[in-house]
file structure_30.csv (CSV, C-alpha atoms)
chain,number,residue,atom,x,y,z
P,237,MET,CA,-57.6,-55.0,-20.7
P,238,TYR,CA,-58.1,-51.2,-20.6
P,239,LYS,CA,-60.5,-49.8,-23.2
P,240,SER,CA,-61.4,-46.3,-24.4
P,241,ILE,CA,-64.4,-44.7,-26.0
P,242,LEU,CA,-64.0,-43.5,-29.5
P,243,PHE,CA,-66.2,-41.4,-31.8
P,244,ALA,CA,-66.8,-42.3,-35.5
P,245,ILE,CA,-68.1,-40.0,-38.2
P,246,ILE,CA,-71.9,-39.8,-38.3
P,247,ILE,CA,-72.4,-42.8,-36.0
P,248,PHE,CA,-71.3,-41.1,-32.8
P,249,THR,CA,-72.9,-42.9,-29.8
P,250,LEU,CA,-74.8,-45.6,-31.6
P,251,PRO,CA,-73.7,-49.0,-30.4
P,252,LEU,CA,-72.0,-51.1,-33.1
P,253,ASN,CA,-74.6,-53.8,-33.0
P,254,LEU,CA,-77.0,-51.3,-34.7
P,255,LEU,CA,-74.8,-50.9,-37.7
P,256,SER,CA,-76.5,-53.8,-39.4
P,257,GLN,CA,-79.7,-51.9,-39.6
P,258,SER,CA,-80.4,-50.4,-43.0
P,259,ASN,CA,-80.7,-46.8,-41.7
P,260,TRP,CA,-77.0,-46.5,-40.7
P,261,PHE,CA,-73.8,-47.5,-42.3
P,262,TRP,CA,-70.1,-46.8,-41.6
P,263,LEU,CA,-68.5,-43.9,-43.4
P,264,ASP,CA,-65.1,-43.3,-42.0
P,265,PRO,CA,-62.6,-44.8,-41.5
P,266,LEU,CA,-63.1,-47.9,-43.7
P,267,PRO,CA,-63.5,-50.7,-43.2
P,268,THR,CA,-64.1,-49.9,-39.5
P,269,GLY,CA,-63.3,-47.4,-36.9
P,270,ALA,CA,-63.7,-49.9,-34.1
P,271,THR,CA,-60.8,-50.5,-31.7
P,272,LEU,CA,-58.7,-53.4,-33.0
P,273,ASN,CA,-57.3,-55.4,-30.0
P,274,SER,CA,-55.4,-58.0,-31.9
P,275,VAL,CA,-53.7,-58.8,-35.2
P,276,ASP,CA,-52.3,-62.1,-36.6
P,277,PHE,CA,-50.8,-62.9,-40.0
P,278,ILE,CA,-50.3,-66.4,-41.3
P,279,ASP,CA,-48.0,-65.3,-44.1
P,280,ARG,CA,-47.1,-62.0,-45.9
P,281,ASN,CA,-50.4,-61.8,-47.6
P,282,THR,CA,-53.1,-63.1,-45.2
P,283,GLY,CA,-53.9,-61.5,-41.9
P,284,TYR,CA,-56.8,-61.0,-39.5
P,285,THR,CA,-57.7,-58.5,-36.8
P,286,CYS,CA,-60.4,-58.6,-34.1
P,287,GLY,CA,-61.7,-56.0,-31.8
P,288,LYS,CA,-64.5,-54.1,-30.2
P,289,ALA,CA,-68.1,-55.3,-30.6
P,290,GLY,CA,-67.0,-58.5,-32.4
P,291,VAL,CA,-65.5,-56.8,-35.4
P,292,ILE,CA,-63.1,-58.9,-37.5
P,293,THR,CA,-61.2,-57.7,-40.6
P,294,LYS,CA,-59.1,-59.6,-43.1
P,295,THR,CA,-56.5,-58.9,-45.8
P,296,THR,CA,-55.3,-61.2,-48.5
P,297,ASN,CA,-52.9,-58.8,-50.2
P,298,GLY,CA,-50.5,-57.8,-47.4
P,299,GLY,CA,-52.7,-55.1,-46.0
P,300,ILE,CA,-53.2,-53.1,-49.2
P,301,ASN,CA,-57.0,-53.8,-48.7
P,302,TRP,CA,-58.8,-54.8,-45.6
P,303,THR,CA,-62.3,-56.3,-45.6
P,304,LEU,CA,-64.8,-56.2,-42.7
P,305,LEU,CA,-65.9,-59.8,-42.3
P,306,GLY,CA,-68.7,-58.8,-40.1
P,307,GLN,CA,-69.7,-58.7,-36.5
P,308,ILE,CA,-69.9,-62.2,-35.0
P,309,THR,CA,-70.8,-60.9,-31.5
P,310,VAL,CA,-71.7,-57.7,-29.7
P,311,ASN,CA,-69.0,-58.5,-27.2
P,312,GLN,CA,-65.3,-57.5,-27.2
P,313,LEU,CA,-62.9,-59.9,-28.9
P,314,TYR,CA,-59.5,-59.5,-27.3
P,315,ASP,CA,-57.3,-61.8,-29.2
P,316,ILE,CA,-57.1,-63.8,-32.5
P,317,GLU,CA,-54.8,-66.6,-33.5
P,318,CYS,CA,-54.6,-68.2,-37.0
P,319,LEU,CA,-53.4,-71.8,-37.6
P,320,ASN,CA,-53.5,-71.4,-41.4
P,321,ALA,CA,-54.9,-69.1,-44.0
P,322,ASN,CA,-58.4,-70.4,-43.4
P,323,THR,CA,-58.5,-71.4,-39.8
P,324,CYS,CA,-58.5,-68.8,-37.0
P,325,ILE,CA,-59.8,-68.7,-33.4
P,326,ALA,CA,-60.9,-65.5,-31.6
P,327,VAL,CA,-61.6,-65.1,-27.9
P,328,GLY,CA,-63.1,-62.4,-25.7
P,329,GLU,CA,-65.7,-61.4,-23.2
P,330,ASN,CA,-68.2,-63.8,-21.6
P,331,GLY,CA,-66.0,-66.9,-22.2
P,332,LEU,CA,-66.5,-66.6,-26.0
P,333,ILE,CA,-64.5,-68.7,-28.4
P,334,PHE,CA,-65.1,-68.4,-32.1
P,335,LYS,CA,-63.5,-70.5,-34.8
P,336,THR,CA,-63.5,-70.3,-38.6
P,337,THR,CA,-62.3,-72.9,-41.1
P,338,ASN,CA,-63.3,-71.2,-44.3
P,339,GLY,CA,-61.3,-67.9,-44.1
P,340,GLY,CA,-63.8,-66.0,-42.0
P,341,ILE,CA,-67.0,-66.6,-44.0
P,342,ASN,CA,-68.5,-68.5,-41.1
P,343,TRP,CA,-67.7,-68.6,-37.4
P,344,ASP,CA,-68.6,-71.3,-35.0
P,345,ASN,CA,-69.2,-70.5,-31.3
P,346,ILE,CA,-67.2,-73.1,-29.4
P,347,PRO,CA,-68.7,-73.7,-25.9
P,348,SER,CA,-66.3,-72.9,-23.1
P,349,GLY,CA,-68.6,-73.5,-20.1
P,350,THR,CA,-67.7,-70.1,-18.5
P,351,THR,CA,-68.7,-66.4,-18.8
P,352,THR,CA,-65.3,-65.1,-17.7
P,353,VAL,CA,-63.2,-62.8,-19.8
P,354,PHE,CA,-60.6,-64.5,-22.1
P,355,ASN,CA,-57.7,-62.2,-22.6
P,356,GLU,CA,-55.3,-64.1,-24.9
P,357,ILE,CA,-54.9,-67.3,-26.9
P,358,ASN,CA,-51.7,-69.0,-28.0
P,359,PHE,CA,-50.9,-72.1,-30.1
P,360,PRO,CA,-47.4,-73.5,-29.8
P,361,ASN,CA,-48.3,-76.0,-32.5
P,362,LEU,CA,-51.1,-76.8,-34.9
P,363,ASN,CA,-53.1,-78.9,-32.5
P,364,THR,CA,-52.4,-77.6,-29.0
P,365,GLY,CA,-53.5,-74.2,-27.8
P,366,TYR,CA,-54.0,-72.3,-24.5
P,367,ILE,CA,-56.3,-69.5,-23.4
P,368,CYS,CA,-55.9,-67.3,-20.3
P,369,GLY,CA,-58.3,-64.9,-18.6
P,370,PHE,CA,-59.9,-63.4,-15.5
P,371,GLY,CA,-59.8,-65.3,-12.3
P,372,GLY,CA,-56.6,-67.2,-13.3
P,373,VAL,CA,-58.5,-69.4,-15.8
P,374,VAL,CA,-56.4,-71.5,-18.2
P,375,TYR,CA,-58.1,-73.5,-21.0
P,376,LYS,CA,-56.5,-76.0,-23.3
P,377,THR,CA,-57.2,-77.7,-26.6
P,378,THR,CA,-55.5,-80.6,-28.3
P,379,ASN,CA,-57.7,-80.8,-31.4
P,380,GLN,CA,-57.1,-77.4,-33.1
P,381,GLY,CA,-59.6,-75.6,-31.0
P,382,ASN,CA,-62.6,-77.8,-31.7
P,383,SER,CA,-63.1,-78.3,-28.0
P,384,TRP,CA,-61.6,-76.8,-24.9
P,385,ALA,CA,-61.2,-77.9,-21.3
P,386,GLN,CA,-60.3,-75.9,-18.2
P,387,ILE,CA,-57.0,-76.8,-16.5
P,388,GLN,CA,-57.2,-76.7,-12.8
P,389,SER,CA,-54.2,-74.5,-12.6
P,390,GLY,CA,-54.7,-73.4,-9.0
P,391,LEU,CA,-54.3,-69.7,-10.1
P,392,SER,CA,-56.7,-67.1,-8.9
P,393,THR,CA,-55.3,-63.8,-10.2
P,394,THR,CA,-56.3,-62.4,-13.6
P,395,LEU,CA,-54.0,-63.5,-16.4
P,396,TYR,CA,-53.5,-60.9,-19.1
P,397,SER,CA,-51.1,-62.8,-21.4
P,398,ILE,CA,-49.9,-66.3,-22.2
P,399,SER,CA,-47.1,-67.7,-24.3
P,400,PHE,CA,-46.0,-71.3,-24.8
P,401,TYR,CA,-42.6,-72.3,-26.3
P,402,ASP,CA,-43.9,-75.8,-26.9
P,403,VAL,CA,-46.8,-77.9,-25.5
P,404,ASN,CA,-45.2,-78.2,-22.1
P,405,TYR,CA,-43.2,-75.0,-21.4
P,406,GLY,CA,-45.3,-71.8,-21.0
P,407,ALA,CA,-45.6,-68.5,-19.2
P,408,ALA,CA,-48.5,-66.3,-18.2
P,409,GLY,CA,-48.5,-62.7,-17.0
P,410,GLY,CA,-50.6,-61.5,-14.0
P,411,PHE,CA,-50.6,-58.8,-11.4
P,412,ASN,CA,-46.9,-58.1,-10.3
P,413,THR,CA,-46.2,-61.8,-11.1
P,414,VAL,CA,-45.2,-64.0,-14.0
P,415,PHE,CA,-46.2,-67.7,-13.8
P,416,THR,CA,-44.4,-70.5,-15.6
P,417,THR,CA,-45.3,-74.2,-16.3
P,418,THR,CA,-43.2,-77.1,-17.5
P,419,ASN,CA,-46.1,-79.6,-17.8
P,420,GLY,CA,-48.6,-78.0,-20.1
P,421,GLY,CA,-50.3,-75.9,-17.5
P,422,VAL,CA,-51.1,-78.6,-14.9
P,423,ASN,CA,-48.8,-76.9,-12.4
P,424,TRP,CA,-47.5,-73.3,-12.3
P,425,THR,CA,-44.6,-71.7,-10.5
P,426,SER,CA,-45.2,-68.2,-9.2
P,427,HIS,CA,-42.5,-65.5,-9.8
P,428,PRO,CA,-43.4,-62.3,-7.9
P,429,LEU,CA,-41.2,-59.6,-9.5
P,430,GLY,CA,-42.0,-56.6,-7.4
P,431,SER,CA,-44.6,-54.6,-5.5
P,432,PHE,CA,-45.2,-52.0,-8.2
P,433,PHE,CA,-49.0,-52.4,-8.5
P,434,ASP,CA,-48.9,-53.3,-12.2
P,435,VAL,CA,-49.8,-56.0,-14.6
P,436,PHE,CA,-47.6,-58.0,-17.0
P,437,GLN,CA,-49.4,-56.9,-20.3
P,438,THR,CA,-47.3,-59.3,-22.4
P,439,VAL,CA,-45.1,-62.4,-22.0
P,440,ASN,CA,-43.0,-63.9,-24.8
P,441,TYR,CA,-41.5,-67.3,-24.4
P,442,VAL,CA,-38.7,-66.9,-27.0
P,443,SER,CA,-36.5,-69.9,-26.6
P,444,ALA,CA,-36.2,-73.0,-24.4
P,445,ASN,CA,-34.8,-70.8,-21.6
P,446,GLU,CA,-35.6,-67.2,-22.4
P,447,ILE,CA,-38.8,-65.4,-21.4
P,448,TYR,CA,-39.6,-61.7,-21.7
P,449,ALA,CA,-42.3,-60.0,-19.6
P,450,LEU,CA,-43.6,-56.4,-20.2
P,451,LEU,CA,-45.0,-54.3,-17.4
P,452,SER,CA,-47.8,-51.9,-18.5
P,453,THR,CA,-46.9,-48.7,-16.6
P,454,GLU,CA,-43.4,-49.2,-15.1
P,455,ASN,CA,-41.4,-48.7,-18.3
P,456,THR,CA,-39.7,-52.0,-17.6
P,457,VAL,CA,-39.1,-55.3,-19.3
P,458,PHE,CA,-38.1,-58.4,-17.2
P,459,LYS,CA,-36.0,-61.2,-18.8
P,460,THR,CA,-35.0,-64.6,-17.7
P,461,THR,CA,-32.5,-66.9,-19.4
P,462,ASN,CA,-33.0,-69.9,-17.1
P,463,SER,CA,-36.7,-70.5,-17.5
P,464,GLY,CA,-37.7,-68.2,-14.6
P,465,MET,CA,-35.3,-69.2,-11.9
P,466,SER,CA,-33.9,-65.6,-11.9
P,467,TRP,CA,-35.1,-62.4,-13.6
P,468,THR,CA,-33.3,-59.2,-14.7
P,469,PRO,CA,-35.2,-55.9,-15.1
P,470,TYR,CA,-34.3,-53.6,-18.0
P,471,ILE,CA,-35.6,-50.0,-18.0
P,472,ILE,CA,-37.0,-49.1,-21.4
P,473,GLY,CA,-36.4,-45.4,-20.8
P,474,VAL,CA,-37.6,-44.0,-24.2
P,475,PHE,CA,-41.3,-43.5,-23.6
P,476,ASP,CA,-43.2,-40.7,-22.0
P,477,PRO,CA,-43.5,-41.5,-18.2
P,478,SER,CA,-47.3,-41.2,-18.4
P,479,ASP,CA,-47.5,-43.5,-21.4
P,480,LEU,CA,-48.7,-47.2,-21.1
P,481,GLU,CA,-46.9,-50.0,-22.7
P,482,ARG,CA,-49.5,-52.1,-24.5
P,483,SER,CA,-47.8,-55.0,-26.4
P,484,MET,CA,-44.4,-56.6,-27.0
P,485,VAL,CA,-43.0,-59.1,-29.4
P,486,PHE,CA,-39.5,-60.6,-29.9
P,487,LYS,CA,-38.7,-62.2,-33.2
P,488,ASP,CA,-35.6,-63.8,-31.8
P,489,SER,CA,-33.5,-63.7,-28.6
P,490,GLN,CA,-32.1,-60.2,-29.5
P,491,THR,CA,-34.7,-58.2,-31.5
P,492,GLY,CA,-37.9,-57.1,-30.0
P,493,PHE,CA,-40.6,-54.3,-30.3
P,494,ILE,CA,-42.9,-52.6,-27.9
P,495,THR,CA,-45.9,-50.4,-28.8
P,496,THR,CA,-47.7,-48.0,-26.5
P,497,GLN,CA,-50.9,-46.2,-25.8
P,498,PHE,CA,-49.6,-42.9,-27.2
P,499,GLY,CA,-48.5,-44.5,-30.5
P,500,ASP,CA,-44.8,-44.9,-29.8
P,501,ILE,CA,-42.8,-47.8,-31.0
P,502,GLY,CA,-39.7,-49.0,-29.3
P,503,LYS,CA,-37.1,-51.4,-30.5
P,504,SER,CA,-34.3,-53.4,-28.9
P,505,THR,CA,-31.5,-55.3,-30.8
P,506,ASN,CA,-29.6,-56.6,-27.8
P,507,GLY,CA,-32.1,-58.7,-25.9
P,508,GLY,CA,-34.0,-55.9,-24.2
P,509,VAL,CA,-30.9,-54.3,-22.5
P,510,ASN,CA,-31.3,-51.1,-24.5
P,511,TRP,CA,-34.2,-49.6,-26.4
P,512,PHE,CA,-34.5,-46.8,-28.9
P,513,LEU,CA,-37.6,-44.9,-30.1
P,514,ASP,CA,-38.9,-45.0,-33.6
P,515,THR,CA,-39.1,-41.6,-35.3
P,516,THR,CA,-40.7,-42.6,-38.6
P,517,PHE,CA,-44.3,-42.8,-37.4
P,518,ALA,CA,-46.2,-40.3,-35.3
P,519,PRO,CA,-50.0,-40.4,-34.9
P,520,GLU,CA,-51.7,-37.1,-35.5
P,521,TYR,CA,-53.6,-37.6,-32.3
P,522,ASN,CA,-51.9,-39.4,-29.4
P,523,ASP,CA,-54.3,-38.7,-26.6
P,524,VAL,CA,-56.1,-42.1,-26.9
P,525,ASN,CA,-55.1,-45.7,-27.1
P,526,VAL,CA,-53.2,-45.7,-30.4
P,527,PHE,CA,-51.8,-49.2,-30.2
P,528,TRP,CA,-53.1,-52.5,-28.6
P,529,ASP,CA,-51.2,-55.3,-30.3
P,530,ILE,CA,-48.2,-56.1,-32.5
P,531,ASN,CA,-47.4,-59.1,-34.7
P,532,ILE,CA,-44.2,-60.1,-36.5
P,533,VAL,CA,-45.0,-61.9,-39.8
P,534,ASP,CA,-41.4,-62.7,-40.8
P,535,THR,CA,-37.9,-61.2,-40.7
P,536,SER,CA,-39.1,-58.0,-42.4
P,537,ILE,CA,-42.9,-57.6,-42.0
P,538,ILE,CA,-44.4,-56.3,-38.7
P,539,TYR,CA,-47.9,-55.1,-38.0
P,540,SER,CA,-49.5,-53.1,-35.1
P,541,VAL,CA,-53.1,-52.3,-34.5
P,542,GLY,CA,-55.2,-50.2,-32.2
P,543,SER,CA,-58.0,-47.6,-31.7
P,544,GLY,CA,-59.9,-46.0,-34.6
P,545,GLY,CA,-59.3,-49.1,-36.8
P,546,MET,CA,-55.6,-48.1,-36.9
P,547,ILE,CA,-53.3,-50.5,-38.7
P,548,VAL,CA,-49.6,-49.6,-39.2
P,549,HIS,CA,-46.8,-51.8,-40.6
P,550,SER,CA,-43.1,-52.0,-41.4
P,551,THR,CA,-41.7,-53.8,-44.4
P,552,ASN,CA,-38.1,-53.4,-43.4
P,553,ALA,CA,-37.8,-55.0,-39.9
P,554,GLY,CA,-39.0,-51.9,-38.1
P,555,ALA,CA,-36.7,-49.3,-39.7
P,556,VAL,CA,-39.7,-47.4,-41.1
P,557,TRP,CA,-43.3,-47.6,-40.0
P,558,GLU,CA,-46.3,-46.4,-42.1
P,559,LYS,CA,-50.0,-46.2,-41.5
P,560,GLN,CA,-52.1,-48.4,-43.8
P,561,ILE,CA,-55.7,-47.5,-42.6
P,562,GLY,CA,-57.7,-46.1,-39.7
P,563,ASN,CA,-57.6,-42.9,-37.8
P,564,ILE,CA,-57.6,-41.7,-34.3
P,565,LYS,CA,-59.5,-38.4,-33.9
P,566,THR,CA,-61.7,-37.0,-31.2
P,567,TYR,CA,-64.8,-35.4,-32.8
P,568,ARG,CA,-66.9,-32.8,-30.9
P,569,ASP,CA,-69.7,-31.5,-33.1
P,570,VAL,CA,-71.3,-31.9,-36.5
P,571,PHE,CA,-73.5,-29.5,-38.5
P,572,PHE,CA,-75.0,-30.0,-42.0
P,573,THR,CA,-76.2,-27.0,-44.0
P,574,ASN,CA,-78.0,-29.3,-46.5
P,575,ALA,CA,-78.2,-33.0,-47.4
P,576,ASN,CA,-74.7,-33.0,-48.9
P,577,THR,CA,-72.6,-30.3,-47.2
P,578,GLY,CA,-71.5,-30.7,-43.6
P,579,PHE,CA,-68.8,-29.9,-41.1
P,580,ILE,CA,-67.3,-31.8,-38.2
P,581,THR,CA,-65.1,-30.2,-35.5
P,582,GLY,CA,-62.7,-31.9,-33.0
P,583,GLU,CA,-59.7,-31.7,-30.8
P,584,LYS,CA,-56.4,-30.1,-31.8
P,585,GLY,CA,-57.9,-27.6,-34.3
P,586,LEU,CA,-59.8,-30.2,-36.3
P,587,LEU,CA,-62.3,-28.9,-38.8
P,588,ILE,CA,-63.3,-31.1,-41.8
P,589,LYS,CA,-65.9,-30.6,-44.5
P,590,THR,CA,-67.9,-32.9,-46.9
P,591,VAL,CA,-69.8,-31.9,-50.0
P,592,ASP,CA,-70.9,-35.4,-50.9
P,593,ALA,CA,-73.0,-36.5,-47.9
P,594,GLY,CA,-70.1,-37.8,-46.0
P,595,LEU,CA,-68.5,-40.1,-48.5
P,596,SER,CA,-65.3,-38.0,-48.5
P,597,TRP,CA,-64.0,-35.3,-46.1
P,598,ASN,CA,-61.4,-32.6,-46.6
P,599,ARG,CA,-59.6,-30.9,-43.7
P,600,ILE,CA,-59.7,-27.1,-43.4
P,601,ASN,CA,-56.5,-25.7,-41.9
P,602,LEU,CA,-57.3,-23.3,-39.1
P,603,ASN,CA,-53.6,-22.9,-38.0
P,604,THR,CA,-54.5,-23.7,-34.4
P,605,THR,CA,-54.1,-26.6,-32.0
P,606,PHE,CA,-57.0,-25.5,-29.8
P,607,GLY,CA,-59.9,-27.9,-29.5
P,608,ILE,CA,-63.0,-26.9,-31.6
P,609,LYS,CA,-66.1,-27.7,-29.5
P,610,LYS,CA,-69.0,-26.5,-31.6
P,611,VAL,CA,-70.0,-25.5,-35.2
P,612,PHE,CA,-73.2,-23.7,-36.3
P,613,PHE,CA,-74.3,-22.2,-39.6
P,614,THR,CA,-77.1,-19.6,-39.9
P,615,ASN,CA,-77.3,-20.2,-43.7
P,616,PRO,CA,-75.2,-22.1,-46.2
P,617,SER,CA,-72.5,-19.4,-46.3
P,618,ILE,CA,-72.4,-17.9,-42.8
P,619,GLY,CA,-71.1,-20.1,-39.9
P,620,TYR,CA,-69.3,-20.0,-36.6
P,621,ILE,CA,-67.0,-22.2,-34.6
P,622,CYS,CA,-65.9,-21.9,-30.9
P,623,GLY,CA,-63.6,-23.8,-28.7
P,624,ASP,CA,-60.7,-23.8,-26.2
P,625,SER,CA,-58.9,-20.6,-25.0
P,626,GLY,CA,-61.6,-18.3,-26.2
P,627,LEU,CA,-61.5,-19.3,-29.8
P,628,VAL,CA,-64.4,-18.0,-31.9
P,629,ARG,CA,-64.2,-17.7,-35.6
P,630,LYS,CA,-66.7,-16.8,-38.4
P,631,THR,CA,-67.0,-17.7,-42.1
P,632,THR,CA,-69.0,-16.0,-44.8
P,633,THR,CA,-67.6,-18.3,-47.5
P,634,ALA,CA,-69.1,-21.6,-46.5
P,635,GLY,CA,-66.0,-22.6,-44.6
P,636,VAL,CA,-63.3,-21.6,-47.1
P,637,ASN,CA,-62.0,-18.7,-44.9
P,638,TRP,CA,-62.4,-18.1,-41.2
P,639,ILE,CA,-62.0,-14.8,-39.4
P,640,SER,CA,-61.2,-14.6,-35.7
P,641,GLN,CA,-63.8,-12.9,-33.5
P,642,THR,CA,-63.2,-10.7,-30.4
P,643,ILE,CA,-64.8,-11.9,-27.2
P,644,PRO,CA,-64.6,-10.7,-23.6
P,645,ALA,CA,-61.3,-11.7,-22.1
P,646,ALA,CA,-62.8,-13.6,-19.2
P,647,GLU,CA,-64.5,-16.1,-21.6
P,648,THR,CA,-61.9,-18.7,-22.3
P,649,ASN,CA,-63.6,-22.0,-23.1
call {"tool": "encode", "arguments": {"input": "structure_30.csv", "output": "structure tokens"}}
result
Amino acid sequence: MYKSILFAIIIFTLPLNLLSQSNWFWLDPLPTGATLNSVDFIDRNTGYTCGKAGVITKTTNGGINWTLLGQITVNQLYDIECLNANTCIAVGENGLIFKTTNGGINWDNIPSGTTTVFNEINFPNLNTGYICGFGGVVYKTTNQGNSWAQIQSGLSTTLYSISFYDVNYGAAGGFNTVFTTTNGGVNWTSHPLGSFFDVFQTVNYVSANEIYALLSTENTVFKTTNSGMSWTPYIIGVFDPSDLERSMVFKDSQTGFITTQFGDIGKSTNGGVNWFLDTTFAPEYNDVNVFWDINIVDTSIIYSVGSGGMIVHSTNAGAVWEKQIGNIKTYRDVFFTNANTGFITGEKGLLIKTVDAGLSWNRINLNTTFGIKKVFFTNPSIGYICGDSGLVRKTTTAGVNWISQTIPAAETN
């Protein structure tokens, strides 16, 4: 999986495993600004996310509130699957498998016998589950994830996604290729679908014969209605050509959703043949990995998560999307004039101010989209900012008002 570097208020470049030390604590966004790689809901109320540096969050009231359960590892967790409200399994780097049976209070490290990266986990029923990862590894459990054994699949290419319709019929996405199995992963059939130098970021085994496979960069969804014997490509056509498709989910044979790096959401209601772009949600900053995963809870409720602790949801089957928590901003500089009053600058004209030592922040409207690179105050009232395209401004009112300054024309950044 592709990852990006984010900045969080006050913490900046401190690694997340230092956050447990008493000298540092997270300020914004709450409960975390870590990248969320995966989300899974067991019902309308109870859901979990996992992500960067072992972060796991949980809600028990349909996303109204999210609680940071803790950091169970310093490694990336790439996917989480919940069997019931209290039992969940998360997988990630270094062959890590973690399981909780008490709603996330405690997590057991389940030995896998490998240090490879696990990309995705999927349970077709309560007892049987599969994990895929780098080097073509496929692991299987038949006891609710209490123990796992590697299947000698014969695959060698990295598998980015895996989906099983039942304990026997499954599909996995790799480089330019989708693989299918009819005997629980013992044998796999290769389906090379092109030479586009791309990976199948998501596969969905929707029904006994239907499989959907999403390419990451080619703006294309492949579909089979005969268990992989033949495939039809459908051009999505609604996303920016430079965008990356990150995740896809179909709630039935006709209705599916795709989320992207730039924070776009696409929907199809005719089995992937045509797609239209959602216009109800637009991230303020779309220059980073906005979305990483999407999860359908029921016929109405859908969640998507991504960078900056971002969680958005729809309560009406994707007609309208709203942000619940998180942010995606690129901060550039910070300056405090005293213990309580400080300023942070960032891209796209971002300037925010706190007067309570960072507990809350208010945005100052500069009426510009230029990046603000630096901020400096000579006393509590007089300060300066500078940034892209020769932007220099001065305040004599502690940041309430800012006056443009004239600089030599040749100085533009």
call {"tool": "atom_distance", "arguments": {"input": "structure_30.csv", "atom1": "CA of Phe277 in chain P", "atom2": "CA of Leu362 in chain P"}}
result
14.8 Å
call {"tool": "residues_around", "arguments": {"input": "structure_30.csv", "residues": "range 617-620 of chain P", "least_positions_apart": "3", "cutoff": "12 Å", "atoms": "only C-alpha atoms", "output": "count of residues only"}}
result
32
call {"tool": "atom_distance", "arguments": {"input": "structure_30.csv", "atom1": "CA of Asp592 in chain P", "atom2": "CA of Asp264 in chain P"}}
result
13.2 Å
call {"tool": "closest_residue", "arguments": {"input": "structure_30.csv", "among": "P:Ser550, P:Asn273, P:Thr566, P:Thr350", "to": "Thr516 in chain P", "atoms": "all atoms listed in the file"}}
result
P:Ser550
call {"tool": "residues_near_point", "arguments": {"input": "structure_30.csv", "point": "(-56.6, -67.3, -17.4)", "cutoff": "8 Å", "atoms": "only C-alpha atoms", "output": "PyMOL selection string"}}
result
chain P and resi 354-355+367-375+394-396
call {"tool": "residues_around", "arguments": {"input": "structure_30.csv", "residues": "Lys503 in chain P", "least_positions_apart": "6", "cutoff": "10 Å", "atoms": "all atoms listed in the file", "output": "NGL selection string"}}
result
:P and (472 or 474 or 484-486 or 491-495 or 510-514 or 554-555)
